[in-house]
Amino acid sequence: MPSPSAPERTLRADAARNRERIIEAATEVFAEQGLEASTAEIAARAGVGEATLFRRFESKDELIVAIIEARMAQGLHALEEALERDDPGQALEDWLEWAVGDLAGDLGFFEAARDQCLVSPAVAEVRREMLARMTELLGRAQSAGAIRSDIAPQDLSFLISAAASATAKMPVPGMRADLWRRYLGIILDGLRPEGATKLRPGPPPRRLFEQS
């Protein structure tokens, strides 16, 4: 197959840059306003026309999935960095703090994570990779005696969402933006083995996180 000509390469590079600008702008707008934000505002912030936005993404839902993929890739990278830490218990706690803070500050991703992360086939692969890393990170912390043994990796996603929900809503006058730290602290206390009581019911099925 012949190599693309210089004009073709320029067009492809421009298209790739537009796509990245749109994703970055959409991430900002959705974080501020939620998923109901208009594509017109996203296009304006990206510095492109709305027609250009829809040439890169056929629908708003496709754009949302692209953001989810990018954000989950960041989460996977953070997990891989946590696995390189020497202290397993502290590594897990630090990753949970990062994950909750990241989610709590982004209204759009919070809504998308709730609605799409477990069901979208487009993110099935990265979802399985994240679950594998979470399994490893949690297992190291449990082996070190830092985390109670009856916690499953799939529990972590729900715990992150629970802590983040304190401030992943539209801003409320007088409410601290970092209120999530209080609830994460309570959750971390509950994850430690000291004084643990038997949990009922069991964790959500792992297959829900591994489905395509």
# chains A, B, ... in the order shown; residues from 1 in each chain; ligands from 1
$ select_by_dssp --residues "segment 126-164 of chain A" --states "helix (DSSP H, G or I)" --output "VMD selection string"
chain A and resid 126 to 143 153 to 164
$ residues_around --residues "Ala37 of chain A" --least-positions-apart "2" --cutoff "12 Å" --atoms "only C-alpha atoms" --output "PyMOL selection string"
chain A and resi 25-35+39-43+60+64+107-108
$ closest_residue --among "A:Leu53, A:Val123, A:Ala99, A:Leu137" --to "Leu184 of chain A" --atoms "only C-alpha atoms"
A:Ala99
$ residues_around --residues "Leu159 of chain A" --least-positions-apart "6" --cutoff "12 Å" --atoms "only C-alpha atoms" --output "list in words"
Leu96, Glu97, Ala99, Val100, Leu103, Ile151, Ala152, Pro153, Ser165, Ala166, Trp180, Tyr183, Leu184, Gly185, Ile186, Ile187, Leu188, Gly190, Leu191, Pro203 and Pro204 of chain A
$ write_last_selection --atoms "C-alpha atoms" --output "CSV table (one decimal), in the first residue's frame"
chain,number,residue,atom,x,y,z
A,96,LEU,CA,-8.3,4.9,46.7
A,97,GLU,CA,-7.7,8.5,47.7
A,99,ALA,CA,-9.7,7.5,42.6
A,100,VAL,CA,-12.3,9.1,44.9
A,103,LEU,CA,-14.3,11.0,40.6
A,151,ILE,CA,-13.1,-7.6,50.8
A,152,ALA,CA,-13.3,-8.4,47.1
A,153,PRO,CA,-11.8,-6.2,44.4
A,165,SER,CA,-21.0,10.8,45.8
A,166,ALA,CA,-20.7,13.2,48.8
A,180,TRP,CA,-15.4,13.2,50.3
A,183,TYR,CA,-16.3,9.5,54.1
A,184,LEU,CA,-13.3,7.9,52.5
A,185,GLY,CA,-11.7,8.0,56.0
A,186,ILE,CA,-14.7,6.1,57.4
A,187,ILE,CA,-14.5,3.6,54.6
A,188,LEU,CA,-10.7,3.1,55.1
A,190,GLY,CA,-13.9,-0.2,57.8
A,191,LEU,CA,-11.4,-1.9,55.4
A,203,PRO,CA,-19.7,-8.8,47.1
A,204,PRO,CA,-21.3,-8.1,43.7
$ residues_around --residues "segment 68-82 of chain A" --least-positions-apart "4" --cutoff "8 Å" --atoms "only C-alpha atoms" --output "PyMOL selection string"
chain A and resi 64+91-92+94-95+99+109+112-113+117+122-123+126-127+129-130+133-134+137
$ closest_residue --among "A:Asp106, A:Asp189, A:Glu210, A:Glu36" --to "Ala146 of chain A" --atoms "only C-alpha atoms"
A:Asp189
